[in-house]
file data_14.cif (mmCIF, C-alpha atoms)
data_protein
loop_
_atom_site.label_atom_id
_atom_site.label_comp_id
_atom_site.auth_asym_id
_atom_site.auth_seq_id
_atom_site.Cartn_x
_atom_site.Cartn_y
_atom_site.Cartn_z
CA MET A 1 73.31 114.07 140.45
CA PRO A 2 72.01 113.90 144.06
CA THR A 3 68.29 113.47 144.73
CA ILE A 4 67.91 116.96 146.18
CA SER A 5 69.40 118.55 143.03
CA ARG A 6 67.18 116.46 140.75
CA LEU A 7 64.12 117.57 142.71
CA PHE A 8 65.13 121.25 142.61
CA VAL A 9 65.76 121.11 138.83
CA LYS A 10 62.58 119.18 138.04
CA ILE A 11 60.49 121.50 140.22
CA SER A 12 62.09 124.48 138.45
CA LEU A 13 60.90 123.06 135.12
CA VAL A 14 57.37 122.68 136.50
CA TRP A 15 57.44 126.31 137.64
CA LEU A 16 58.62 127.40 134.19
CA ALA A 17 55.65 125.58 132.66
CA LEU A 18 53.25 127.21 135.17
CA ALA A 19 54.80 130.64 134.52
CA LEU A 20 54.21 130.15 130.79
CA VAL A 21 50.59 129.19 131.47
CA ALA A 22 50.14 132.35 133.59
CA GLY A 23 51.73 134.33 130.74
CA ALA A 24 49.31 132.78 128.27
CA ILE A 25 46.32 133.63 130.48
CA MET A 26 47.51 137.26 130.66
CA THR A 27 48.08 137.38 126.90
CA PHE A 28 44.89 135.71 125.70
CA GLY A 29 42.53 136.04 128.69
CA GLY A 30 41.98 139.77 128.50
CA ALA A 31 43.43 142.90 130.10
CA GLN A 32 41.74 142.24 133.46
CA PHE A 33 44.16 139.37 134.19
CA LEU A 34 47.32 141.48 133.76
CA PRO A 35 47.35 143.29 137.15
CA ILE A 36 46.05 140.16 138.91
CA LEU A 37 48.61 137.69 137.59
CA LEU A 38 51.67 139.83 136.78
CA PRO A 39 53.37 139.73 140.23
CA THR A 40 52.64 135.99 140.54
CA HIS A 41 53.91 135.40 136.98
CA VAL A 42 57.16 137.26 137.70
CA HIS A 43 57.78 135.31 140.93
CA MET A 44 57.02 131.99 139.20
CA PHE A 45 59.85 132.86 136.79
CA VAL A 46 62.41 134.31 139.17
CA VAL A 47 61.81 132.20 142.30
CA GLY A 48 60.24 129.10 140.74
CA TRP A 49 62.32 128.74 137.60
CA VAL A 50 65.60 130.67 138.02
CA THR A 51 66.22 130.35 141.78
CA HIS A 52 65.22 126.67 141.97
CA MET A 53 67.50 125.93 138.99
CA ILE A 54 70.44 127.87 140.51
CA VAL A 55 70.01 126.18 143.91
CA GLY A 56 69.71 122.70 142.38
CA VAL A 57 72.81 123.11 140.23
CA ALA A 58 74.81 124.75 143.04
CA LEU A 59 74.04 121.88 145.45
CA TRP A 60 75.24 119.47 142.76
CA LEU A 61 78.34 121.23 141.36
CA PHE A 62 79.91 123.32 144.10
CA PRO A 63 83.00 121.90 145.85
CA LYS A 64 82.31 119.36 148.59
CA ALA A 65 81.94 120.65 152.14
CA SER A 66 84.15 117.83 153.46
CA LYS A 67 84.99 114.22 152.63
CA ALA A 68 82.83 112.91 155.44
CA ASN A 69 79.95 115.27 154.69
CA PRO A 70 80.17 116.25 151.01
CA ARG A 71 76.92 118.20 150.84
CA GLY A 72 77.02 119.77 154.29
CA ALA A 73 73.92 119.55 156.47
CA GLU A 74 71.52 117.94 154.00
CA TRP A 75 68.47 118.70 156.13
CA LEU A 76 69.09 122.38 155.39
CA SER A 77 68.81 121.68 151.66
CA TRP A 78 65.54 119.81 152.20
CA PHE A 79 64.32 122.66 154.36
CA ALA A 80 65.26 125.08 151.55
CA LEU A 81 63.30 122.98 149.04
CA GLY A 82 60.24 122.92 151.31
CA GLY A 83 60.39 126.63 152.17
CA LEU A 84 60.92 127.90 148.64
CA SER A 85 58.45 125.53 146.96
CA VAL A 86 55.61 125.64 149.50
CA GLY A 87 56.10 129.39 150.01
CA LEU A 88 55.83 130.07 146.29
CA LEU A 89 52.86 127.72 145.93
CA LEU A 90 51.03 129.63 148.69
CA ARG A 91 51.76 132.90 146.91
CA THR A 92 50.53 131.50 143.59
CA VAL A 93 47.18 130.60 145.20
CA ALA A 94 46.75 133.52 147.60
CA GLU A 95 47.71 136.45 145.35
CA PRO A 96 45.02 135.95 142.65
CA ALA A 97 42.51 134.60 145.23
CA ARG A 98 42.79 137.86 147.18
CA VAL A 99 41.49 139.76 144.16
CA PHE A 100 38.62 137.39 143.35
CA TRP A 101 37.47 136.73 146.94
CA PRO A 102 38.67 139.69 149.08
CA ASN A 103 39.48 138.44 152.57
CA ASP A 104 42.26 139.12 155.09
CA VAL A 105 43.05 135.40 155.19
CA TRP A 106 44.71 135.65 151.76
CA LEU A 107 46.82 138.59 152.92
CA TRP A 108 48.09 136.62 155.91
CA LEU A 109 48.75 133.62 153.67
CA LEU A 110 50.90 135.93 151.54
CA VAL A 111 52.88 136.91 154.65
CA VAL A 112 53.31 133.22 155.54
CA SER A 113 54.46 132.55 151.96
CA ALA A 114 57.07 135.35 152.19
CA VAL A 115 58.34 134.07 155.55
CA LEU A 116 58.56 130.49 154.22
CA GLN A 117 60.54 131.64 151.17
CA TRP A 118 62.83 133.70 153.40
CA LEU A 119 63.47 130.70 155.68
CA GLY A 120 64.09 128.47 152.65
CA GLY A 121 66.49 130.99 151.14
CA MET A 122 68.38 131.39 154.41
CA ALA A 123 68.69 127.60 154.80
CA PHE A 124 70.24 127.39 151.33
CA VAL A 125 72.70 130.24 152.01
CA ILE A 126 73.79 128.79 155.37
CA ASN A 127 74.39 125.35 153.83
CA ILE A 128 76.12 126.45 150.61
CA TRP A 129 78.38 129.16 152.11
CA PRO A 130 81.12 126.76 153.34
CA ARG A 131 81.13 125.09 149.90
CA VAL A 132 82.12 128.34 148.13
CA LYS A 133 85.86 127.78 148.37
CA GLY A 134 88.96 127.30 146.25
CA LYS A 135 90.31 123.90 147.11
CA PRO A 136 88.10 120.80 147.13
CA SER A 137 88.13 118.89 150.41
CA MET B 1 89.31 124.65 141.43
CA MET B 2 87.07 127.63 142.04
CA PRO B 3 89.03 130.84 141.21
CA ARG B 4 89.17 133.67 143.69
CA LEU B 5 86.93 135.98 141.63
CA THR B 6 84.25 133.26 141.54
CA ILE B 7 84.45 132.83 145.31
CA TYR B 8 84.04 136.58 145.90
CA GLY B 9 81.30 136.86 143.26
CA ILE B 10 79.24 133.95 144.60
CA ARG B 11 79.60 135.10 148.20
CA ALA B 12 78.55 138.62 147.24
CA ALA B 13 75.60 137.17 145.27
CA LEU B 14 74.54 135.13 148.32
CA CYS B 15 74.70 138.28 150.48
CA TRP B 16 72.51 140.17 147.98
CA PHE B 17 70.12 137.20 147.89
CA VAL B 18 69.73 137.47 151.67
CA VAL B 19 69.18 141.24 151.44
CA GLY B 20 66.76 140.83 148.51
CA ILE B 21 64.54 138.18 150.11
CA THR B 22 64.55 140.11 153.39
CA VAL B 23 63.34 143.23 151.56
CA GLY B 24 60.73 141.10 149.75
CA MET B 25 59.46 139.69 153.06
CA LEU B 26 59.28 143.19 154.59
CA MET B 27 57.29 144.39 151.56
CA MET B 28 54.75 141.62 152.09
CA ILE B 29 54.52 142.28 155.87
CA ASP B 30 54.03 145.98 155.02
CA MET B 31 51.02 145.03 152.90
CA ALA B 32 49.48 143.14 155.83
CA VAL B 33 50.26 145.27 158.88
CA GLY B 34 51.71 148.52 157.49
CA LEU B 35 55.39 149.31 157.97
CA ASN B 36 55.28 152.97 156.99
CA GLY B 37 54.98 152.22 153.27
CA VAL B 38 58.27 150.37 153.14
CA GLY B 39 56.84 148.13 150.40
CA SER B 40 56.25 150.77 147.77
CA ARG B 41 59.49 152.60 148.62
CA LEU B 42 61.66 149.50 148.28
CA LEU B 43 60.15 147.87 145.18
CA HIS B 44 62.87 149.13 142.81
CA VAL B 45 65.62 148.23 145.26
CA HIS B 46 64.14 144.71 145.57
CA ILE B 47 64.07 144.31 141.77
CA HIS B 48 67.63 145.59 141.20
CA ILE B 49 69.13 143.56 144.04
CA MET B 50 67.42 140.31 143.05
CA LEU B 51 68.04 140.64 139.32
CA PHE B 52 71.58 142.02 139.25
CA GLY B 53 73.00 141.42 142.73
CA TRP B 54 71.75 137.82 142.86
CA PHE B 55 70.86 136.28 139.46
CA VAL B 56 73.27 138.07 137.13
CA GLN B 57 76.15 138.04 139.62
CA ILE B 58 75.97 134.32 140.46
CA ILE B 59 75.67 133.45 136.75
CA ILE B 60 78.68 135.63 135.85
CA ALA B 61 80.74 134.26 138.76
CA VAL B 62 80.01 130.62 137.82
CA ALA B 63 80.51 131.28 134.09
CA TYR B 64 83.94 132.83 134.85
CA TRP B 65 84.82 129.56 136.60
CA MET B 66 83.26 127.11 134.11
CA LEU B 67 83.79 128.52 130.60
CA PRO B 68 86.63 126.92 128.61
CA ARG B 69 90.06 128.42 129.29
CA PHE B 70 93.12 128.99 127.09
CA GLY B 71 95.44 126.42 128.63
CA ARG B 72 95.39 127.34 132.30
CA GLU B 73 94.71 131.01 131.59
CA ARG B 74 91.61 133.15 131.69
CA PRO B 75 92.80 136.03 129.47
CA ARG B 76 91.79 139.59 130.35
CA ALA B 77 90.48 138.51 133.73
CA TRP B 78 90.43 142.18 134.80
CA LEU B 79 87.34 142.66 132.62
CA ALA B 80 85.44 140.12 134.72
CA VAL B 81 86.76 141.76 137.90
CA VAL B 82 85.40 145.14 136.75
CA SER B 83 82.09 143.48 135.86
CA ILE B 84 81.68 142.00 139.36
CA LEU B 85 82.70 145.31 140.96
CA ALA B 86 80.18 147.21 138.82
CA LEU B 87 77.35 144.82 139.75
CA ASN B 88 78.01 145.29 143.46
CA ALA B 89 78.39 149.05 143.05
CA ALA B 90 75.02 149.07 141.25
CA SER B 91 73.26 147.24 144.08
CA LEU B 92 74.89 149.46 146.73
CA THR B 93 73.96 152.55 144.71
CA ALA B 94 70.36 151.35 144.43
CA ILE B 95 70.15 151.11 148.22
CA GLY B 96 72.14 154.28 148.92
CA PHE B 97 70.24 156.52 146.56
CA ARG B 98 66.89 155.19 147.79
CA TRP B 99 67.98 155.86 151.36
CA PHE B 100 68.71 159.50 150.51
CA HIS B 101 65.54 159.84 148.37
CA LEU B 102 67.45 160.43 145.14
CA HIS B 103 66.53 159.19 141.68
CA ILE B 104 68.29 155.84 141.37
CA HIS B 105 67.84 154.78 137.82
CA THR B 106 70.49 156.47 135.72
CA VAL B 107 73.61 155.62 137.73
CA VAL B 108 72.37 152.12 138.58
CA TRP B 109 71.56 151.28 134.98
CA ILE B 110 74.89 152.67 133.72
CA LEU B 111 76.75 150.44 136.21
CA GLU B 112 74.63 147.42 135.21
CA VAL B 113 75.21 148.00 131.48
CA LEU B 114 78.96 148.39 132.15
CA ALA B 115 78.93 145.10 134.09
CA PHE B 116 77.29 143.36 131.15
CA LEU B 117 79.65 144.87 128.55
CA PHE B 118 82.84 144.09 130.46
CA PHE B 119 81.79 140.50 131.12
CA ALA B 120 80.60 139.96 127.54
CA VAL B 121 83.98 141.14 126.17
CA HIS B 122 85.78 138.87 128.65
CA ALA B 123 83.63 135.80 128.00
CA TRP B 124 83.14 136.00 124.21
CA PRO B 125 86.48 134.40 123.20
CA ARG B 126 86.05 131.71 125.88
CA ILE B 127 82.84 130.44 124.29
CA LYS B 128 84.61 127.79 122.22
CA ASN B 129 85.31 124.07 122.13
CA PHE B 130 87.41 122.74 125.00
CA GLY B 131 91.05 122.69 123.81
CA ALA B 132 90.45 125.04 120.87
CA THR B 133 92.90 127.95 120.65
#
call {"tool": "encode", "arguments": {"input": "data_14.cif", "output": "structure tokens"}}
result
Amino acid sequence: MPTISRLFVKISLVWLALALVAGAIMTFGGAQFLPILLPTHVHMFVVGWVTHMIVGVALWLFPKASKANPRGAEWLSWFALGGLSVGLLLRTVAEPARVFWPNDVWLWLLVVSAVLQWLGGMAFVINIWPRVKGKPS
Amino acid sequence: MMPRLTIYGIRAALCWFVVGITVGMLMMIDMAVGLNGVGSRLLHVHIHIMLFGWFVQIIIAVAYWMLPRFGRERPRAWLAVVSILALNAASLTAIGFRWFHLHIHTVVWILEVLAFLFFAVHAWPRIKNFGAT
């Protein structure tokens, strides 16, 4: 298993743990936490856990791009890891913070988080697309 | 070797992933600077595309490739084909109906349930030990 896949899968497990913690806070912390944490909780699951797991496994298992360059442009995969992970981390901090300490800075951090996740997602798609093919190289 | 249905399914899932994250980014920008309320109007489309166009479709496409086969055969492959078609029709319908301000839920959910049922019927016998008949 390549390093990049191991990192994606391990980070996905960390996000699953964090999503469960957010779920526990919503369940046991009182009704006031539900609207504050729900969108963050959902994105921890779907971006942090599911998407990181899918990306990590795809980078590992999909057919090789070529013999000389089996995993395509690896810097794109690292860029995807940075964009998705840092973007989601920013969202996890900024979304609840915006409710507790209202300030436009948090809103702009949320925009930065969305742009980072978009860039990370695009880097993954561009790198994996040539590896979705019938015959291995 | 990746079968043709898997190739089409994964490529379609990647396309929906691009559409879904683009919609998500626009929703967030709408919150900050205001894009004519695009965020609230596209929330359901974002959810349907990401859940069914991306997650469910890539999982079904990879499962079709990876699950144990009967010899070299994947019996009743047409069921998986219908499932993939229904998932993509559901995502297109979600966008189309939203565009024309129609209620999206009934048709989209019917297509998504059909996609699940067809794939479940296809995959059930393939969930077995490798080599078992």
call {"tool": "resolve_selection", "arguments": {"input": "data_14.cif", "expression": "the PyMOL selection byres ((chain A) within 10 of (chain B))", "output": "short mmCIF file (atom, residue, chain, number, x, y, z; two decimals) with C-alpha atoms, keeping the file's coordinate frame"}}
result
data_model
loop_
_atom_site.label_atom_id
_atom_site.label_comp_id
_atom_site.auth_asym_id
_atom_site.auth_seq_id
_atom_site.Cartn_x
_atom_site.Cartn_y
_atom_site.Cartn_z
CA VAL A 46 62.41 134.31 139.17
CA VAL A 47 61.81 132.20 142.30
CA VAL A 50 65.60 130.67 138.02
CA THR A 51 66.22 130.35 141.78
CA ILE A 54 70.44 127.87 140.51
CA ALA A 58 74.81 124.75 143.04
CA PHE A 62 79.91 123.32 144.10
CA PRO A 63 83.00 121.90 145.85
CA ASP A 104 42.26 139.12 155.09
CA TRP A 106 44.71 135.65 151.76
CA LEU A 107 46.82 138.59 152.92
CA TRP A 108 48.09 136.62 155.91
CA LEU A 109 48.75 133.62 153.67
CA LEU A 110 50.90 135.93 151.54
CA VAL A 111 52.88 136.91 154.65
CA VAL A 112 53.31 133.22 155.54
CA SER A 113 54.46 132.55 151.96
CA ALA A 114 57.07 135.35 152.19
CA VAL A 115 58.34 134.07 155.55
CA LEU A 116 58.56 130.49 154.22
CA GLN A 117 60.54 131.64 151.17
CA TRP A 118 62.83 133.70 153.40
CA LEU A 119 63.47 130.70 155.68
CA GLY A 121 66.49 130.99 151.14
CA MET A 122 68.38 131.39 154.41
CA PHE A 124 70.24 127.39 151.33
CA VAL A 125 72.70 130.24 152.01
CA ILE A 126 73.79 128.79 155.37
CA ILE A 128 76.12 126.45 150.61
CA TRP A 129 78.38 129.16 152.11
CA PRO A 130 81.12 126.76 153.34
CA ARG A 131 81.13 125.09 149.90
CA VAL A 132 82.12 128.34 148.13
CA LYS A 133 85.86 127.78 148.37
CA GLY A 134 88.96 127.30 146.25
CA LYS A 135 90.31 123.90 147.11
CA PRO A 136 88.10 120.80 147.13
#
call {"tool": "atom_distance", "arguments": {"input": "data_14.cif", "atom1": "atom CA of B:Glu73", "atom2": "atom CA of A:Ala65"}}
result
26.3 Å
call {"tool": "closest_residue", "arguments": {"input": "data_14.cif", "among": "B:Val56, B:Pro75, B:Trp16, B:His44", "to": "B:Arg126", "atoms": "only C-alpha atoms"}}
result
B:Pro75
call {"tool": "axis_aligned_box", "arguments": {"input": "data_14.cif", "around": "stretch 74-84 of chain A", "padding_each_side": "8 Å", "output": "lines of an AutoDock Vina configuration file"}}
result
center_x = 65.9
center_y = 122.9
center_z = 152.4
size_x = 27.3
size_y = 26.0
size_z = 23.5
call {"tool": "resolve_selection", "arguments": {"input": "data_14.cif", "expression": "the PyMOL selection byres ((chain A and resi 48) around 10)", "output": "list in words"}}
result
Phe8, Val9, Ile11, Ser12, Leu13, Val14, Trp15, Leu16, Ala17, Leu18, Ala19, His41, Val42, His43, Met44, Phe45, Val46, Val47, Trp49, Val50, Thr51, His52, Met53, Leu84, Ser85, Leu88 and Leu89 of chain A
call {"tool": "atom_distance", "arguments": {"input": "data_14.cif", "atom1": "atom CA of B:Asn88", "atom2": "atom CA of B:Ile110"}}
result
12.6 Å
call {"tool": "atom_distance", "arguments": {"input": "data_14.cif", "atom1": "atom CA of A:Gly29", "atom2": "atom CA of B:Leu43"}}
result
26.9 Å
call {"tool": "closest_residue", "arguments": {"input": "data_14.cif", "among": "B:Met66, B:Gly53, B:Ile60, B:Leu5", "to": "B:Phe130", "atoms": "all atoms listed in the file"}}
result
B:Met66
call {"tool": "residues_around", "arguments": {"input": "data_14.cif", "residues": "A:Asn127", "least_positions_apart": "6", "cutoff": "7 Å", "atoms": "all atoms listed in the file", "output": "PyMOL selection string"}}
result
chain A and resi 72-73+76
call {"tool": "residues_around", "arguments": {"input": "data_14.cif", "residues": "A:Ala97", "least_positions_apart": "2", "cutoff": "12 Å", "atoms": "only C-alpha atoms", "output": "PDB file with C-alpha atoms, in the frame of the given file"}}
result
ATOM      1  CA  ILE A  36      46.050 140.160 138.910  1.00  0.00           C
ATOM      2  CA  LEU A  37      48.610 137.690 137.590  1.00  0.00           C
ATOM      3  CA  THR A  40      52.640 135.990 140.540  1.00  0.00           C
ATOM      4  CA  LEU A  90      51.030 129.630 148.690  1.00  0.00           C
ATOM      5  CA  ARG A  91      51.760 132.900 146.910  1.00  0.00           C
ATOM      6  CA  THR A  92      50.530 131.500 143.590  1.00  0.00           C
ATOM      7  CA  VAL A  93      47.180 130.600 145.200  1.00  0.00           C
ATOM      8  CA  ALA A  94      46.750 133.520 147.600  1.00  0.00           C
ATOM      9  CA  GLU A  95      47.710 136.450 145.350  1.00  0.00           C
ATOM     10  CA  VAL A  99      41.490 139.760 144.160  1.00  0.00           C
ATOM     11  CA  PHE A 100      38.620 137.390 143.350  1.00  0.00           C
ATOM     12  CA  TRP A 101      37.470 136.730 146.940  1.00  0.00           C
ATOM     13  CA  PRO A 102      38.670 139.690 149.080  1.00  0.00           C
ATOM     14  CA  ASN A 103      39.480 138.440 152.570  1.00  0.00           C
ATOM     15  CA  ASP A 104      42.260 139.120 155.090  1.00  0.00           C
ATOM     16  CA  VAL A 105      43.050 135.400 155.190  1.00  0.00           C
ATOM     17  CA  TRP A 106      44.710 135.650 151.760  1.00  0.00           C
ATOM     18  CA  LEU A 107      46.820 138.590 152.920  1.00  0.00           C
ATOM     19  CA  LEU A 109      48.750 133.620 153.670  1.00  0.00           C
ATOM     20  CA  LEU A 110      50.900 135.930 151.540  1.00  0.00           C
TER      21      LEU A 110
END
call {"tool": "closest_residue", "arguments": {"input": "data_14.cif", "among": "B:Ala63, B:Val38, B:Ala94, B:Val82", "to": "B:Trp109", "atoms": "only C-alpha atoms"}}
result
B:Ala94
call {"tool": "build_atoms", "arguments": {"input": "data_14.cif", "residues": "stretch 117-131 of chain B", "atoms": "N, CA and C atoms", "output": "tab-separated table (two decimals), in the frame of the given file"}}
result
chain	number	residue	atom	x	y	z
B	117	LEU	N	78.71	144.70	129.65
B	117	LEU	CA	79.65	144.87	128.55
B	117	LEU	C	81.02	144.28	128.88
B	118	PHE	N	81.52	144.59	130.08
B	118	PHE	CA	82.84	144.09	130.46
B	118	PHE	C	82.86	142.57	130.50
B	119	PHE	N	81.79	141.96	131.06
B	119	PHE	CA	81.79	140.50	131.12
B	119	PHE	C	81.63	139.89	129.73
B	120	ALA	N	80.79	140.50	128.89
B	120	ALA	CA	80.60	139.96	127.54
B	120	ALA	C	81.92	139.97	126.77
B	121	VAL	N	82.69	141.06	126.88
B	121	VAL	CA	83.98	141.14	126.17
B	121	VAL	C	84.95	140.10	126.73
B	122	HIS	N	84.92	139.90	128.05
B	122	HIS	CA	85.78	138.87	128.65
B	122	HIS	C	85.38	137.47	128.17
B	123	ALA	N	84.08	137.18	128.19
B	123	ALA	CA	83.63	135.80	128.00
B	123	ALA	C	83.58	135.39	126.53
B	124	TRP	N	83.38	136.35	125.62
B	124	TRP	CA	83.14	136.00	124.21
B	124	TRP	C	84.19	135.04	123.64
B	125	PRO	N	85.50	135.33	123.78
B	125	PRO	CA	86.48	134.40	123.20
B	125	PRO	C	86.52	133.04	123.91
B	126	ARG	N	86.01	132.98	125.13
B	126	ARG	CA	86.05	131.71	125.88
B	126	ARG	C	84.88	130.80	125.52
B	127	ILE	N	83.96	131.28	124.71
B	127	ILE	CA	82.84	130.44	124.29
B	127	ILE	C	83.30	129.68	123.05
B	128	LYS	N	83.93	128.55	123.27
B	128	LYS	CA	84.61	127.79	122.22
B	128	LYS	C	84.66	126.33	122.65
B	129	ASN	N	85.11	125.47	121.75
B	129	ASN	CA	85.31	124.07	122.13
B	129	ASN	C	86.44	123.96	123.15
B	130	PHE	N	86.31	122.99	124.07
B	130	PHE	CA	87.41	122.74	125.00
B	130	PHE	C	88.66	122.37	124.19
B	131	GLY	N	89.79	123.00	124.49
B	131	GLY	CA	91.05	122.69	123.81
B	131	GLY	C	91.29	123.54	122.59
